[in-house]
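Heads up: the structure comes next, in structure tokens.
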Amino acid sequence: MSTNYRNEYEKWLSSTLLCEAEKNELRAIASNDEEIKLRFGAMLGFGTAGLRGVMKMGTNAMNRHTVAHATQGLANLILRENRAKDGVVIAHDCRNNSRLFAETAASVLAANGVKVYLFDALRPTPELSFALRHLHCVAGINITASHNPKQYNGYKAYWEDGAQLPPEHAETVSAEIAKLDIFRDVRFTNLEQAVKSGAVEILGEEIDRIYLERVREQAVNPNAIAAVAEDLKIVYSPLHGTGHRLVPDILRRVGLKHLYLVEKQMVISGDFPTVAKPNPEYAEVFQLGIELANKVGSDLVIATDPDADRVGVMTRTPNGDFRVITGNQMGALLTDYIITAYQETNTMPEKPYVVKSIVSSELATAICQANGVEMFNVLTGFKFIGEVIKNHEQKGEGSFLFGFEESYGYLKGTYARDKDAVVTTMLICEMTAHYHAKGMTLSDALNALWEKYGYCYESTRELYMEGLHGAERMADLMNRLRETPPARFGETPVALIGDYLKQTVTENGVARPTGLPSSNVLYFGLENGDVVVIRPSGTEPKVKFYYLLRAKDQADAEAKIAVYLQVIDEIVNA
């Protein structure tokens, strides 16, 4: 399409399917050839994570036309599989245009004879995964851009197991989209009439109730919160998103009496007025929550991202201020707490196992090894955690305890196959209550883990490569790293190189298979036990760098990071 971007631009301008406001947006860029090429020089890529992009008119952006186009591709897959009667569940988050995009997808599916279940309002991503499984549907769609800035939106597609589309189905949908004319080949029906006829069924609080029951069943020690309920205080923020109702609901159901909500961030808004980026990985989104915590005397502030699949925490330290608990640290804390609570209550299930991504903390691995729990490492993407769960269920062996990624995503239970901030918030409060009864905060608990297993330090860096040539620059960097990998980081030699695209791990000149699917990830294991992982983001124009270190203390870790960052900077700037 790149050579015909002007023709595509003119095609959109002349289409009767665009409203006048949409055409005016395109007319405004008539003299900006680079912007036209950026919007029409390519199709917005459809992969296992679906679609994600900036909301504007064009083939390479999120708008109702590209959403309809992608949905027709998904409908073609469903019809090919002869699964139209099994249905598709559609949910959406709080973002601008999310309801419009959800209704657009519902209209296209219904026009193709596919049964549709459409939520009546915004819902958390994990509830979509649960509802798909609960209703025995063939697929699901969630309109969300998760924690991206406000100008973004996205389209997550799920398959019948409740996880995001497997690669083979994503490739089929992508191929179908490529064959379809975005205007001529997409079917639509009147949504209101489809609802009246029963082709589209509206889902409401009845699904919420069942979902929350499944969440509540994941409590490891249901009495932990009740035991300290009179003086345990928790501050919570949904960051203007879908956690606003169900997270407070589940916390009250498990006995939390003193829950304080950050009122300005309880306002549902796709503009996210109180934060620059609605991402609980960033300490700045907690500012209002910390102010409230200091006012009411709480030791913990919890925030969920707009689609409530990720959760971040700040805990009070011994000197009275607040510190971030990173995604890796929370993964280790919850792994340790879940194992400990099961052991203390003599309820540990048979053949327990935990699953994490290869870029996540090895502290959790050490905890599992010390307690006889098997650990599985998978590629980044929660669908791979869901795949391990599915494989164990099919074999009829093993008990899933917990799964997590360093990017603040966690799951306990098999009712859903995506990360779930609702259940995780409940478990974090239960764990906080457990330590509160011992006179400890989560900061104290983390220090105790390091004392027992050794100090671990994880850090992530992001290099954005936006604009017309961003994808080329990202590919060039990964190719250079692959062709000429660093032999050492500072004075420390590289002992092992994992190239997950080639599916090989090379050590001492000998290559062996990774045993994992192909993915554009490079893994450098250093002689001192530290790890550096590099991969392009699948949803944003950036390359991510992960540093997983063992050190004497924080000062030692930060000194190492400074050296490793310099090595990467030299490669990037070469």
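Chain labels follow the order of the structure tokens: the first chain is A, the next B, and so on; residue numbering restarts at 1 in every chain, and ligands are counted from 1 in their shown order.
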
Taking only residues of range 382-487 of chain A that have an atom at most 12 Å from an atom of range 275-286 of chain A, what is each one's shortest atom pair and its distance in Å to one decimal, using only C-alpha atoms, in chain and number order, as a tab-separated table?
```
residue	atom	partner	partner_atom	distance
A:Glu406	CA	A:Glu281	CA	10.0
A:Ser407	CA	A:Glu281	CA	7.5
A:Tyr408	CA	A:Glu281	CA	7.1
A:Gly409	CA	A:Glu281	CA	10.6
A:Ala421	CA	A:Pro280	CA	11.0
A:Ser459	CA	A:Glu281	CA	11.6
A:Thr460	CA	A:Glu281	CA	10.6
```

Compile the contact shell of Val254 in chain A as a ChimeraX atom specification: residues with an atom at most 9 Å away, counting only C-alpha atoms, same-chain residues fewer than 6 positions apart removed.
/A:216,219,222-223,225-226,426,430

Take the residues from that selection and write them out as a tab-separated table (two decimals), in the first residue's frame, keeping N, CA, C and O atoms.
```tsv
chain	number	residue	atom	x	y	z
A	216	ARG	N	-13.58	-14.26	44.34
A	216	ARG	CA	-13.54	-14.44	45.80
A	216	ARG	C	-13.04	-15.82	46.18
A	216	ARG	O	-12.38	-16.00	47.22
A	219	ALA	N	-9.25	-16.47	47.26
A	219	ALA	CA	-8.65	-16.10	48.54
A	219	ALA	C	-7.89	-17.30	49.11
A	219	ALA	O	-8.40	-18.41	49.14
A	222	PRO	N	-9.08	-16.76	53.71
A	222	PRO	CA	-10.24	-15.86	53.75
A	222	PRO	C	-10.39	-15.11	55.07
A	222	PRO	O	-11.11	-14.10	55.12
A	223	ASN	N	-9.74	-15.57	56.13
A	223	ASN	CA	-9.89	-14.93	57.43
A	223	ASN	C	-8.85	-13.83	57.69
A	223	ASN	O	-8.93	-13.12	58.69
A	225	ILE	N	-8.10	-10.85	56.30
A	225	ILE	CA	-8.56	-9.46	56.36
A	225	ILE	C	-9.48	-9.24	57.55
A	225	ILE	O	-9.36	-8.23	58.27
A	226	ALA	N	-10.38	-10.18	57.79
A	226	ALA	CA	-11.32	-10.03	58.91
A	226	ALA	C	-10.59	-9.91	60.24
A	226	ALA	O	-11.04	-9.19	61.15
A	426	MET	N	-7.44	-7.97	45.49
A	426	MET	CA	-7.95	-8.71	46.64
A	426	MET	C	-6.81	-9.44	47.35
A	426	MET	O	-6.69	-9.40	48.59
A	430	GLU	N	-5.21	-9.04	51.09
A	430	GLU	CA	-5.12	-10.19	52.00
A	430	GLU	C	-3.69	-10.35	52.51
A	430	GLU	O	-3.46	-10.57	53.71
```

Find, counting only C-alpha atoms, the residue in A:Leu13, A:Leu122, A:Val359, A:Val521 that gets nearest to Tyr546 in chain A.
A:Val359

Give the helix (DSSP H, G or I) residues of range 74-158 of chain A, as assigned by DSSP on the backbone, as an NGL selection string.
:A and (74-80 or 84-86 or 98-111 or 125-134)

Need to verify the contact set: range 201-208 of chain A, 6 Å, only C-alpha atoms, exclusion of same-chain residues closer than 3 positions in sequence. Can you return it as an NGL selection string?
:A and (117-120 or 198 or 211)

CA of Tyr453 in chain A to CA of Tyr564 in chain A: how many Å, to one decimal?
23.7 Å

Neighbouring residues of Ser357 in chain A were defined as those with any atom within 12 Å, considering only C-alpha atoms; residues of the same chain fewer than 6 positions away were excluded. Please report them as a PyMOL selection string.
chain A and resi 327-328+331+364-365+375-386+388+403-410+516+521+533+546

Skip Ala110 in chain A itself and residues of its chain fewer than 4 positions away, then list as a ChimeraX atom specification all residues within 7 Å of it, counting only C-alpha atoms.
/A:106,114-116,189,194,199-200

How would you write, as JSON, numbers by chain, the set of residues in range 264-384 of chain A that DSSP gives as strand (DSSP E)?
{"A": [300, 301, 302, 303, 304, 311, 312, 313, 314, 315, 316, 322, 323, 324, 325, 352, 353, 354, 355, 356, 357, 374, 375, 376, 377, 378]}

Could you state the separation of CA of Ile78 in chain A and CA of Trp159 in chain A in Å, given to one decimal place?
10.1 Å

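When only C-alpha atoms are used to compute distances to Arg316 in chain A, the closest of the residues A:Leu100, A:Ile234, A:Ala157, A:Val422 turns out to be A:Ile234.
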